[in-house]
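Trainee: As input, take start15.txt (compact mmCIF, N, CA and C atoms):
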# COMPACT_ATOMS: atom_id res chain seq x y z
N GLN A 8 0.84 -1.18 0.00
CA GLN A 8 0.00 0.00 0.00
C GLN A 8 0.89 1.25 0.00
N VAL A 9 0.45 2.28 -0.70
CA VAL A 9 1.20 3.52 -0.78
C VAL A 9 0.57 4.54 0.16
N GLN A 10 1.41 5.20 0.91
CA GLN A 10 0.95 6.27 1.80
C GLN A 10 1.44 7.61 1.29
N VAL A 11 0.55 8.59 1.34
CA VAL A 11 0.89 9.94 0.92
C VAL A 11 0.64 10.87 2.09
N VAL A 12 1.66 11.62 2.48
CA VAL A 12 1.55 12.47 3.67
C VAL A 12 1.99 13.88 3.33
N GLU A 13 1.08 14.84 3.58
CA GLU A 13 1.39 16.25 3.37
C GLU A 13 1.75 16.90 4.70
N SER A 14 2.52 17.98 4.61
CA SER A 14 2.85 18.76 5.80
C SER A 14 3.17 20.19 5.38
N GLY A 15 3.18 21.08 6.36
CA GLY A 15 3.61 22.46 6.11
C GLY A 15 2.51 23.49 6.10
N GLY A 16 1.27 23.08 6.25
CA GLY A 16 0.18 24.06 6.26
C GLY A 16 0.20 24.91 7.52
N GLY A 17 -0.63 25.94 7.52
CA GLY A 17 -0.70 26.81 8.69
C GLY A 17 -1.38 28.11 8.37
N LEU A 18 -1.26 29.04 9.31
CA LEU A 18 -1.85 30.37 9.16
C LEU A 18 -0.77 31.35 8.73
N VAL A 19 -1.07 32.13 7.70
CA VAL A 19 -0.11 33.11 7.19
C VAL A 19 -0.86 34.37 6.80
N GLN A 20 -0.21 35.51 6.91
CA GLN A 20 -0.83 36.77 6.53
C GLN A 20 -0.80 36.96 5.02
N PRO A 21 -1.71 37.72 4.47
CA PRO A 21 -1.67 38.02 3.04
C PRO A 21 -0.31 38.59 2.64
N GLY A 22 0.20 38.11 1.51
CA GLY A 22 1.53 38.50 1.06
C GLY A 22 2.64 37.62 1.58
N GLY A 23 2.32 36.74 2.49
CA GLY A 23 3.33 35.86 3.07
C GLY A 23 3.60 34.62 2.24
N SER A 24 4.43 33.73 2.80
CA SER A 24 4.85 32.52 2.10
C SER A 24 4.71 31.30 2.99
N LEU A 25 4.51 30.17 2.35
CA LEU A 25 4.51 28.87 3.02
C LEU A 25 5.11 27.85 2.07
N ARG A 26 5.69 26.80 2.62
CA ARG A 26 6.20 25.71 1.81
C ARG A 26 5.56 24.42 2.28
N LEU A 27 4.84 23.77 1.37
CA LEU A 27 4.22 22.48 1.65
C LEU A 27 5.13 21.36 1.17
N SER A 28 5.07 20.25 1.88
CA SER A 28 5.81 19.05 1.49
C SER A 28 4.87 17.88 1.36
N CYS A 29 5.22 16.96 0.48
CA CYS A 29 4.42 15.75 0.29
C CYS A 29 5.37 14.59 0.03
N ALA A 30 5.21 13.52 0.79
CA ALA A 30 6.04 12.34 0.61
C ALA A 30 5.15 11.13 0.38
N ALA A 31 5.46 10.39 -0.67
CA ALA A 31 4.75 9.15 -0.98
C ALA A 31 5.70 7.99 -0.69
N SER A 32 5.21 7.00 0.01
CA SER A 32 6.06 5.86 0.35
C SER A 32 5.25 4.58 0.26
N GLY A 33 5.95 3.50 -0.02
CA GLY A 33 5.30 2.21 -0.13
C GLY A 33 6.14 1.28 -0.95
N ARG A 34 5.84 0.01 -0.81
CA ARG A 34 6.67 -0.99 -1.47
C ARG A 34 6.70 -0.78 -2.98
N ALA A 35 7.87 -0.58 -3.51
CA ALA A 35 8.08 -0.52 -4.96
C ALA A 35 7.30 0.59 -5.64
N PHE A 36 7.00 1.70 -4.92
CA PHE A 36 6.27 2.78 -5.56
C PHE A 36 7.19 3.57 -6.46
N SER A 37 6.78 3.69 -7.71
CA SER A 37 7.54 4.48 -8.67
C SER A 37 6.60 5.53 -9.25
N PRO A 38 6.88 6.81 -9.03
CA PRO A 38 5.93 7.83 -9.46
C PRO A 38 6.00 8.17 -10.94
N TYR A 39 4.84 8.38 -11.54
CA TYR A 39 4.75 8.98 -12.87
C TYR A 39 4.67 10.49 -12.74
N ALA A 40 3.86 10.92 -11.77
CA ALA A 40 3.70 12.35 -11.52
C ALA A 40 3.18 12.53 -10.10
N MET A 41 3.46 13.70 -9.54
CA MET A 41 2.87 14.08 -8.27
C MET A 41 2.31 15.48 -8.41
N SER A 42 1.15 15.68 -7.79
CA SER A 42 0.40 16.91 -8.03
C SER A 42 -0.15 17.46 -6.73
N TRP A 43 -0.45 18.75 -6.77
CA TRP A 43 -1.15 19.42 -5.69
C TRP A 43 -2.53 19.87 -6.18
N PHE A 44 -3.52 19.64 -5.35
CA PHE A 44 -4.87 20.13 -5.55
C PHE A 44 -5.27 20.90 -4.30
N ARG A 45 -6.34 21.65 -4.38
CA ARG A 45 -6.83 22.34 -3.19
C ARG A 45 -8.35 22.42 -3.22
N GLN A 46 -8.93 22.50 -2.04
CA GLN A 46 -10.37 22.61 -1.92
C GLN A 46 -10.71 23.65 -0.87
N ALA A 47 -11.31 24.73 -1.33
CA ALA A 47 -11.74 25.79 -0.44
C ALA A 47 -13.12 25.46 0.12
N PRO A 48 -13.50 26.04 1.25
CA PRO A 48 -14.81 25.77 1.83
C PRO A 48 -15.93 26.05 0.84
N GLY A 49 -16.81 25.08 0.67
CA GLY A 49 -17.96 25.25 -0.21
C GLY A 49 -17.65 25.15 -1.69
N LYS A 50 -16.42 24.81 -2.04
CA LYS A 50 -16.04 24.73 -3.45
C LYS A 50 -15.53 23.34 -3.79
N GLU A 51 -15.46 23.06 -5.10
CA GLU A 51 -14.94 21.78 -5.53
C GLU A 51 -13.41 21.78 -5.48
N ARG A 52 -12.86 20.58 -5.40
CA ARG A 52 -11.41 20.45 -5.43
C ARG A 52 -10.89 20.89 -6.81
N GLU A 53 -9.79 21.65 -6.81
CA GLU A 53 -9.24 22.15 -8.05
C GLU A 53 -7.75 21.87 -8.15
N PHE A 54 -7.29 21.76 -9.39
CA PHE A 54 -5.90 21.51 -9.67
C PHE A 54 -5.06 22.74 -9.35
N VAL A 55 -3.85 22.51 -8.80
CA VAL A 55 -2.92 23.60 -8.51
C VAL A 55 -1.65 23.47 -9.33
N ALA A 56 -0.99 22.33 -9.23
CA ALA A 56 0.28 22.15 -9.94
C ALA A 56 0.63 20.68 -10.02
N THR A 57 1.42 20.33 -11.04
CA THR A 57 1.87 18.96 -11.19
C THR A 57 3.29 18.92 -11.71
N ILE A 58 4.02 17.88 -11.35
CA ILE A 58 5.36 17.66 -11.86
C ILE A 58 5.49 16.20 -12.26
N ARG A 59 6.00 15.95 -13.46
CA ARG A 59 6.14 14.61 -13.99
C ARG A 59 7.59 14.17 -13.86
N TRP A 60 7.76 12.91 -13.50
CA TRP A 60 9.13 12.43 -13.28
C TRP A 60 9.91 12.33 -14.58
N SER A 61 9.26 11.90 -15.65
CA SER A 61 9.95 11.78 -16.92
C SER A 61 10.02 13.14 -17.58
N GLY A 62 11.21 13.68 -17.70
CA GLY A 62 11.37 14.99 -18.31
C GLY A 62 11.12 16.14 -17.36
N ALA A 63 10.61 15.84 -16.17
CA ALA A 63 10.38 16.85 -15.14
C ALA A 63 9.51 18.00 -15.63
N SER A 64 8.54 17.69 -16.52
CA SER A 64 7.66 18.76 -16.98
C SER A 64 6.72 19.19 -15.86
N ILE A 65 6.34 20.45 -15.92
CA ILE A 65 5.55 21.07 -14.85
C ILE A 65 4.39 21.85 -15.45
N ASP A 66 3.25 21.79 -14.78
CA ASP A 66 2.10 22.61 -15.16
C ASP A 66 1.53 23.28 -13.92
N TYR A 67 0.96 24.46 -14.12
CA TYR A 67 0.33 25.21 -13.04
C TYR A 67 -1.06 25.67 -13.45
N ALA A 68 -1.92 25.82 -12.45
CA ALA A 68 -3.19 26.49 -12.69
C ALA A 68 -2.90 27.97 -12.93
N ASP A 69 -3.71 28.61 -13.75
CA ASP A 69 -3.49 30.02 -14.05
C ASP A 69 -3.51 30.87 -12.78
N SER A 70 -4.31 30.48 -11.83
CA SER A 70 -4.49 31.28 -10.61
C SER A 70 -3.25 31.34 -9.73
N VAL A 71 -2.30 30.42 -9.95
CA VAL A 71 -1.10 30.39 -9.09
C VAL A 71 0.19 30.64 -9.86
N LYS A 72 0.10 30.75 -11.19
CA LYS A 72 1.31 30.97 -11.98
C LYS A 72 2.04 32.23 -11.54
N GLY A 73 3.36 32.12 -11.39
CA GLY A 73 4.16 33.26 -10.97
C GLY A 73 4.25 33.42 -9.46
N ARG A 74 3.41 32.70 -8.73
CA ARG A 74 3.42 32.80 -7.26
C ARG A 74 3.82 31.49 -6.60
N PHE A 75 3.41 30.37 -7.17
CA PHE A 75 3.69 29.05 -6.61
C PHE A 75 4.75 28.35 -7.46
N THR A 76 5.57 27.54 -6.79
CA THR A 76 6.57 26.74 -7.49
C THR A 76 6.55 25.32 -6.95
N ILE A 77 6.38 24.36 -7.86
CA ILE A 77 6.43 22.95 -7.48
C ILE A 77 7.82 22.42 -7.81
N SER A 78 8.34 21.58 -6.94
CA SER A 78 9.65 20.98 -7.18
C SER A 78 9.67 19.61 -6.53
N ARG A 79 10.71 18.87 -6.83
CA ARG A 79 10.81 17.53 -6.25
C ARG A 79 12.18 17.33 -5.65
N ALA A 80 12.24 16.42 -4.69
CA ALA A 80 13.52 16.08 -4.09
C ALA A 80 14.36 15.29 -5.09
N ARG A 81 15.66 15.28 -4.86
CA ARG A 81 16.57 14.57 -5.76
C ARG A 81 16.35 13.07 -5.69
N ALA A 82 15.94 12.58 -4.56
CA ALA A 82 15.72 11.15 -4.39
C ALA A 82 14.38 10.92 -3.70
N GLY A 83 13.75 9.83 -4.04
CA GLY A 83 12.49 9.50 -3.40
C GLY A 83 11.31 10.20 -4.03
N ALA A 84 10.13 9.83 -3.58
CA ALA A 84 8.90 10.41 -4.12
C ALA A 84 8.42 11.52 -3.18
N THR A 85 9.11 12.64 -3.25
CA THR A 85 8.80 13.80 -2.41
C THR A 85 8.72 15.04 -3.28
N VAL A 86 7.67 15.82 -3.07
CA VAL A 86 7.52 17.07 -3.80
C VAL A 86 7.24 18.20 -2.81
N TYR A 87 7.50 19.40 -3.28
CA TYR A 87 7.30 20.58 -2.48
C TYR A 87 6.44 21.58 -3.27
N LEU A 88 5.74 22.41 -2.53
CA LEU A 88 5.01 23.51 -3.15
C LEU A 88 5.38 24.78 -2.40
N GLN A 89 6.20 25.61 -3.03
CA GLN A 89 6.56 26.90 -2.45
C GLN A 89 5.51 27.91 -2.86
N MET A 90 4.86 28.49 -1.88
CA MET A 90 3.75 29.42 -2.14
C MET A 90 4.15 30.81 -1.65
N ASN A 91 4.24 31.74 -2.57
CA ASN A 91 4.60 33.12 -2.26
C ASN A 91 3.45 34.05 -2.60
N SER A 92 3.51 35.25 -2.07
CA SER A 92 2.49 36.28 -2.34
C SER A 92 1.09 35.71 -2.12
N LEU A 93 0.91 35.06 -1.00
CA LEU A 93 -0.36 34.39 -0.73
C LEU A 93 -1.49 35.39 -0.57
N LYS A 94 -2.66 34.97 -1.03
CA LYS A 94 -3.86 35.79 -0.99
C LYS A 94 -4.93 35.08 -0.16
N PRO A 95 -5.88 35.81 0.37
CA PRO A 95 -6.96 35.15 1.12
C PRO A 95 -7.67 34.07 0.31
N GLU A 96 -7.77 34.26 -0.99
CA GLU A 96 -8.44 33.26 -1.83
C GLU A 96 -7.62 31.99 -2.01
N ASP A 97 -6.39 31.97 -1.51
CA ASP A 97 -5.60 30.73 -1.52
C ASP A 97 -5.94 29.85 -0.33
N THR A 98 -6.77 30.34 0.58
CA THR A 98 -7.18 29.55 1.73
C THR A 98 -7.91 28.30 1.29
N ALA A 99 -7.42 27.14 1.73
CA ALA A 99 -7.99 25.86 1.31
C ALA A 99 -7.27 24.73 2.02
N VAL A 100 -7.83 23.56 1.90
CA VAL A 100 -7.11 22.35 2.26
C VAL A 100 -6.35 21.92 1.01
N TYR A 101 -5.04 21.76 1.15
CA TYR A 101 -4.20 21.37 0.02
C TYR A 101 -3.93 19.87 0.09
N TYR A 102 -4.21 19.21 -1.02
CA TYR A 102 -4.04 17.76 -1.11
C TYR A 102 -2.94 17.41 -2.10
N CYS A 103 -2.23 16.36 -1.79
CA CYS A 103 -1.20 15.84 -2.69
C CYS A 103 -1.71 14.55 -3.31
N ARG A 104 -1.47 14.40 -4.60
CA ARG A 104 -1.83 13.17 -5.31
C ARG A 104 -0.58 12.60 -5.95
N ALA A 105 -0.35 11.32 -5.69
CA ALA A 105 0.78 10.62 -6.29
C ALA A 105 0.23 9.62 -7.31
N LYS A 106 0.68 9.72 -8.53
CA LYS A 106 0.23 8.84 -9.61
C LYS A 106 1.36 7.90 -9.96
N ALA A 107 1.07 6.61 -9.89
CA ALA A 107 2.10 5.61 -10.10
C ALA A 107 2.38 5.40 -11.58
N ALA A 108 3.65 5.10 -11.87
CA ALA A 108 4.01 4.71 -13.22
C ALA A 108 3.40 3.34 -13.52
N GLY A 109 3.25 3.03 -14.79
CA GLY A 109 2.65 1.75 -15.16
C GLY A 109 1.14 1.86 -15.25
N TYR A 110 0.43 1.36 -14.26
CA TYR A 110 -1.04 1.37 -14.29
C TYR A 110 -1.65 2.73 -14.01
N GLY A 111 -0.86 3.65 -13.47
CA GLY A 111 -1.39 4.99 -13.22
C GLY A 111 -2.29 5.09 -12.01
N THR A 112 -2.18 4.17 -11.09
CA THR A 112 -2.99 4.23 -9.88
C THR A 112 -2.70 5.53 -9.13
N GLU A 113 -3.76 6.16 -8.62
CA GLU A 113 -3.62 7.43 -7.92
C GLU A 113 -3.82 7.23 -6.42
N TYR A 114 -2.97 7.90 -5.67
CA TYR A 114 -3.03 7.85 -4.21
C TYR A 114 -3.11 9.28 -3.69
N TRP A 115 -4.00 9.49 -2.72
CA TRP A 115 -4.21 10.82 -2.17
C TRP A 115 -3.81 10.89 -0.71
N GLY A 116 -3.31 12.05 -0.33
CA GLY A 116 -3.07 12.32 1.07
C GLY A 116 -4.33 12.85 1.72
N GLU A 117 -4.26 13.09 3.03
CA GLU A 117 -5.42 13.56 3.77
C GLU A 117 -5.55 15.07 3.77
N GLY A 118 -4.52 15.75 3.29
CA GLY A 118 -4.60 17.20 3.14
C GLY A 118 -3.97 17.96 4.30
N THR A 119 -3.59 19.20 3.99
CA THR A 119 -3.05 20.10 5.00
C THR A 119 -3.70 21.47 4.79
N LEU A 120 -4.14 22.08 5.88
CA LEU A 120 -4.91 23.32 5.79
C LEU A 120 -4.00 24.53 5.70
N VAL A 121 -4.27 25.37 4.72
CA VAL A 121 -3.59 26.66 4.57
C VAL A 121 -4.62 27.76 4.74
N THR A 122 -4.37 28.64 5.69
CA THR A 122 -5.27 29.77 5.95
C THR A 122 -4.51 31.07 5.75
N VAL A 123 -5.01 31.89 4.85
CA VAL A 123 -4.38 33.19 4.58
C VAL A 123 -5.31 34.27 5.11
N SER A 124 -4.89 34.90 6.18
CA SER A 124 -5.76 35.87 6.85
C SER A 124 -4.93 36.81 7.71
N SER A 125 -5.40 38.04 7.81
CA SER A 125 -4.74 39.00 8.68
C SER A 125 -5.39 39.01 10.07
Show the structure stored in the file as structure tokens.

Mentor:
Amino acid sequence: QVQVVESGGGLVQPGGSLRLSCAASGRAFSPYAMSWFRQAPGKEREFVATIRWSGASIDYADSVKGRFTISRARAGATVYLQMNSLKPEDTAVYYCRAKAAGYGTEYWGEGTLVTVSS
């Protein structure tokens, strides 16, 4: 079984920064891609950013381009989301999704809460 664990959420003032981490672990887990999604209160879950292991290609939602940066550790299935210039509308539970190579099975973490408020 693959476990996905997020960390790094918290309360930050508008204009501030936070760095989220996500680690996927499990027997013989080989990632195809790892992604961040978020879900604000009363809204549907939405895509934030993704990074693919092959070629290290990256995509961002338009709403976070230029403010958020996704990256991965040199070893292991760990990704980071550096969030700068945070806005109140970035307040949400941030979820990490790990997609396995081969069959493409997706594994989700339980989420970490980010609150942007003065």

Trainee: Of the residues A:Cys29, A:Ala56, A:Val100, A:Val9, which is the one nearest to Asp69 (chain A), using only C-alpha atoms?

Mentor: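 The closest residue to Asp69 (chain A) is A:Ala56.
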
Trainee: Go ahead and find all residues with at least one atom no further than 8 Å from (8.2, 4.3, 0.8) in the file's coordinates, using only N, CA and C atoms; report them as a list in words.

Mentor: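 Selection result: Gln8, Val9, Gln10, Ala30, Ala31, Ser32, Gly33, Arg34, Ala35, Phe36, Gly83 and Ala84 of chain A.
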
Trainee: List every residue of region 71-121 of chain A that DSSP, applied to the backbone of this structure, assigns to strand (DSSP E), and report them as an mmCIF file with N, CA and C atoms, in the coordinates of the input.

Mentor:
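Once everything was written out, this is states_6.cif:
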data_model
loop_
_atom_site.group_PDB
_atom_site.id
_atom_site.type_symbol
_atom_site.label_atom_id
_atom_site.label_comp_id
_atom_site.auth_asym_id
_atom_site.auth_seq_id
_atom_site.Cartn_x
_atom_site.Cartn_y
_atom_site.Cartn_z
ATOM 1 N N PHE A 75 3.410 30.370 -7.170
ATOM 2 C CA PHE A 75 3.690 29.050 -6.610
ATOM 3 C C PHE A 75 4.750 28.350 -7.460
ATOM 4 N N THR A 76 5.570 27.540 -6.790
ATOM 5 C CA THR A 76 6.570 26.740 -7.490
ATOM 6 C C THR A 76 6.550 25.320 -6.950
ATOM 7 N N ILE A 77 6.380 24.360 -7.860
ATOM 8 C CA ILE A 77 6.430 22.950 -7.480
ATOM 9 C C ILE A 77 7.820 22.420 -7.810
ATOM 10 N N SER A 78 8.340 21.580 -6.940
ATOM 11 C CA SER A 78 9.650 20.980 -7.180
ATOM 12 C C SER A 78 9.670 19.610 -6.530
ATOM 13 N N ARG A 79 10.710 18.870 -6.830
ATOM 14 C CA ARG A 79 10.810 17.530 -6.250
ATOM 15 C C ARG A 79 12.180 17.330 -5.650
ATOM 16 N N ALA A 84 10.130 9.830 -3.580
ATOM 17 C CA ALA A 84 8.900 10.410 -4.120
ATOM 18 C C ALA A 84 8.420 11.520 -3.180
ATOM 19 N N THR A 85 9.110 12.640 -3.250
ATOM 20 C CA THR A 85 8.800 13.800 -2.410
ATOM 21 C C THR A 85 8.720 15.040 -3.280
ATOM 22 N N VAL A 86 7.670 15.820 -3.070
ATOM 23 C CA VAL A 86 7.520 17.070 -3.800
ATOM 24 C C VAL A 86 7.240 18.200 -2.810
ATOM 25 N N TYR A 87 7.500 19.400 -3.280
ATOM 26 C CA TYR A 87 7.300 20.580 -2.480
ATOM 27 C C TYR A 87 6.440 21.580 -3.270
ATOM 28 N N LEU A 88 5.740 22.410 -2.530
ATOM 29 C CA LEU A 88 5.010 23.510 -3.150
ATOM 30 C C LEU A 88 5.380 24.780 -2.400
ATOM 31 N N GLN A 89 6.200 25.610 -3.030
ATOM 32 C CA GLN A 89 6.560 26.900 -2.450
ATOM 33 C C GLN A 89 5.510 27.910 -2.860
ATOM 34 N N MET A 90 4.860 28.490 -1.880
ATOM 35 C CA MET A 90 3.750 29.420 -2.140
ATOM 36 C C MET A 90 4.150 30.810 -1.650
ATOM 37 N N ALA A 99 -7.420 27.140 1.730
ATOM 38 C CA ALA A 99 -7.990 25.860 1.310
ATOM 39 C C ALA A 99 -7.270 24.730 2.020
ATOM 40 N N VAL A 100 -7.830 23.560 1.900
ATOM 41 C CA VAL A 100 -7.110 22.350 2.260
ATOM 42 C C VAL A 100 -6.350 21.920 1.010
ATOM 43 N N TYR A 101 -5.040 21.760 1.150
ATOM 44 C CA TYR A 101 -4.200 21.370 0.020
ATOM 45 C C TYR A 101 -3.930 19.870 0.090
ATOM 46 N N TYR A 102 -4.210 19.210 -1.020
ATOM 47 C CA TYR A 102 -4.040 17.760 -1.110
ATOM 48 C C TYR A 102 -2.940 17.410 -2.100
ATOM 49 N N CYS A 103 -2.230 16.360 -1.790
ATOM 50 C CA CYS A 103 -1.200 15.840 -2.690
ATOM 51 C C CYS A 103 -1.710 14.550 -3.310
ATOM 52 N N ARG A 104 -1.470 14.400 -4.600
ATOM 53 C CA ARG A 104 -1.830 13.170 -5.310
ATOM 54 C C ARG A 104 -0.580 12.600 -5.950
ATOM 55 N N ALA A 105 -0.350 11.320 -5.690
ATOM 56 C CA ALA A 105 0.780 10.620 -6.290
ATOM 57 C C ALA A 105 0.230 9.620 -7.310
ATOM 58 N N LYS A 106 0.680 9.720 -8.530
ATOM 59 C CA LYS A 106 0.230 8.840 -9.610
ATOM 60 C C LYS A 106 1.360 7.900 -9.960
ATOM 61 N N ALA A 107 1.070 6.610 -9.890
ATOM 62 C CA ALA A 107 2.100 5.610 -10.100
ATOM 63 C C ALA A 107 2.380 5.400 -11.580
ATOM 64 N N GLU A 113 -3.760 6.160 -8.620
ATOM 65 C CA GLU A 113 -3.620 7.430 -7.920
ATOM 66 C C GLU A 113 -3.820 7.230 -6.420
ATOM 67 N N TYR A 114 -2.970 7.900 -5.670
ATOM 68 C CA TYR A 114 -3.030 7.850 -4.210
ATOM 69 C C TYR A 114 -3.110 9.280 -3.690
ATOM 70 N N TRP A 115 -4.000 9.490 -2.720
ATOM 71 C CA TRP A 115 -4.210 10.820 -2.170
ATOM 72 C C TRP A 115 -3.810 10.890 -0.710
ATOM 73 N N THR A 119 -3.590 19.200 3.990
ATOM 74 C CA THR A 119 -3.050 20.100 5.000
ATOM 75 C C THR A 119 -3.700 21.470 4.790
ATOM 76 N N LEU A 120 -4.140 22.080 5.880
ATOM 77 C CA LEU A 120 -4.910 23.320 5.790
ATOM 78 C C LEU A 120 -4.000 24.530 5.700
ATOM 79 N N VAL A 121 -4.270 25.370 4.720
ATOM 80 C CA VAL A 121 -3.590 26.660 4.570
ATOM 81 C C VAL A 121 -4.620 27.760 4.740
#

Trainee: One decimal, in Å: what's the spacing between CA of Ser70 (chain A) and atom N of Thr98 (chain A)?

Mentor: 11.5 Å

Trainee: Within 8 Å of Asn91 (chain A), counting all atoms listed in the file, which residues show up once you throw out same-chain ones fewer than 6 positions away? Write them as a list in words, please.

Mentor: Pro21, Gly22, Gly23, Ser24, Leu25, Arg26, Gly73, Arg74, Phe75 and Thr76 of chain A

Trainee: Quick one, how far is CA of Leu27 (chain A) from CA of Val71 (chain A)?

Mentor: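 Those two atoms sit 14.4 Å apart.
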
Trainee: Could you jot down the atom C of Cys103 (chain A) to atom N of Thr119 (chain A) separation for me, Å, one decimal place?

Mentor: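 Distance reported for this atom pair: 8.9 Å.
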
Trainee: List as a PyMOL selection string: which residues have an atom within 6.5 Å of (-0.1, 4.9, -3.8), counting all atoms listed in the file?

Mentor: chain A and resi 8-11+105+107+112-115

Trainee: Excluding Val55 (chain A) and its own-chain neighbours fewer than 2 positions away, which residues fall within 8 Å of it when counting all atoms listed in the file? Please give them as a tab-separated table (two decimals) with N, CA and C atoms, in the coordinates of the input.

Mentor:
chain	number	residue	atom	x	y	z
A	42	SER	N	1.15	15.68	-7.79
A	42	SER	CA	0.40	16.91	-8.03
A	42	SER	C	-0.15	17.46	-6.73
A	43	TRP	N	-0.45	18.75	-6.77
A	43	TRP	CA	-1.15	19.42	-5.69
A	43	TRP	C	-2.53	19.87	-6.18
A	44	PHE	N	-3.52	19.64	-5.35
A	44	PHE	CA	-4.87	20.13	-5.55
A	44	PHE	C	-5.27	20.90	-4.30
A	45	ARG	N	-6.34	21.65	-4.38
A	45	ARG	CA	-6.83	22.34	-3.19
A	45	ARG	C	-8.35	22.42	-3.22
A	52	ARG	N	-12.86	20.58	-5.40
A	52	ARG	CA	-11.41	20.45	-5.43
A	52	ARG	C	-10.89	20.89	-6.81
A	53	GLU	N	-9.79	21.65	-6.81
A	53	GLU	CA	-9.24	22.15	-8.05
A	53	GLU	C	-7.75	21.87	-8.15
A	57	THR	N	1.42	20.33	-11.04
A	57	THR	CA	1.87	18.96	-11.19
A	57	THR	C	3.29	18.92	-11.71
A	66	ASP	N	3.25	21.79	-14.78
A	66	ASP	CA	2.10	22.61	-15.16
A	66	ASP	C	1.53	23.28	-13.92
A	67	TYR	N	0.96	24.46	-14.12
A	67	TYR	CA	0.33	25.21	-13.04
A	67	TYR	C	-1.06	25.67	-13.45
A	68	ALA	N	-1.92	25.82	-12.45
A	68	ALA	CA	-3.19	26.49	-12.69
A	68	ALA	C	-2.90	27.97	-12.93
A	69	ASP	N	-3.71	28.61	-13.75
A	69	ASP	CA	-3.49	30.02	-14.05
A	69	ASP	C	-3.51	30.87	-12.78
A	70	SER	N	-4.31	30.48	-11.83
A	70	SER	CA	-4.49	31.28	-10.61
A	70	SER	C	-3.25	31.34	-9.73
A	71	VAL	N	-2.30	30.42	-9.95
A	71	VAL	CA	-1.10	30.39	-9.09
A	71	VAL	C	0.19	30.64	-9.86
A	72	LYS	N	0.10	30.75	-11.19
A	72	LYS	CA	1.31	30.97	-11.98
A	72	LYS	C	2.04	32.23	-11.54

Trainee: Which is closer to Thr122 (chain A) than all the others in A:Pro48, A:Asp97, A:Ile58, A:Val86, using only N, CA and C atoms?

Mentor: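 Checking each of A:Pro48, A:Asp97, A:Ile58, A:Val86 against Thr122 (chain A), counting only N, CA and C atoms, the winner is A:Asp97.
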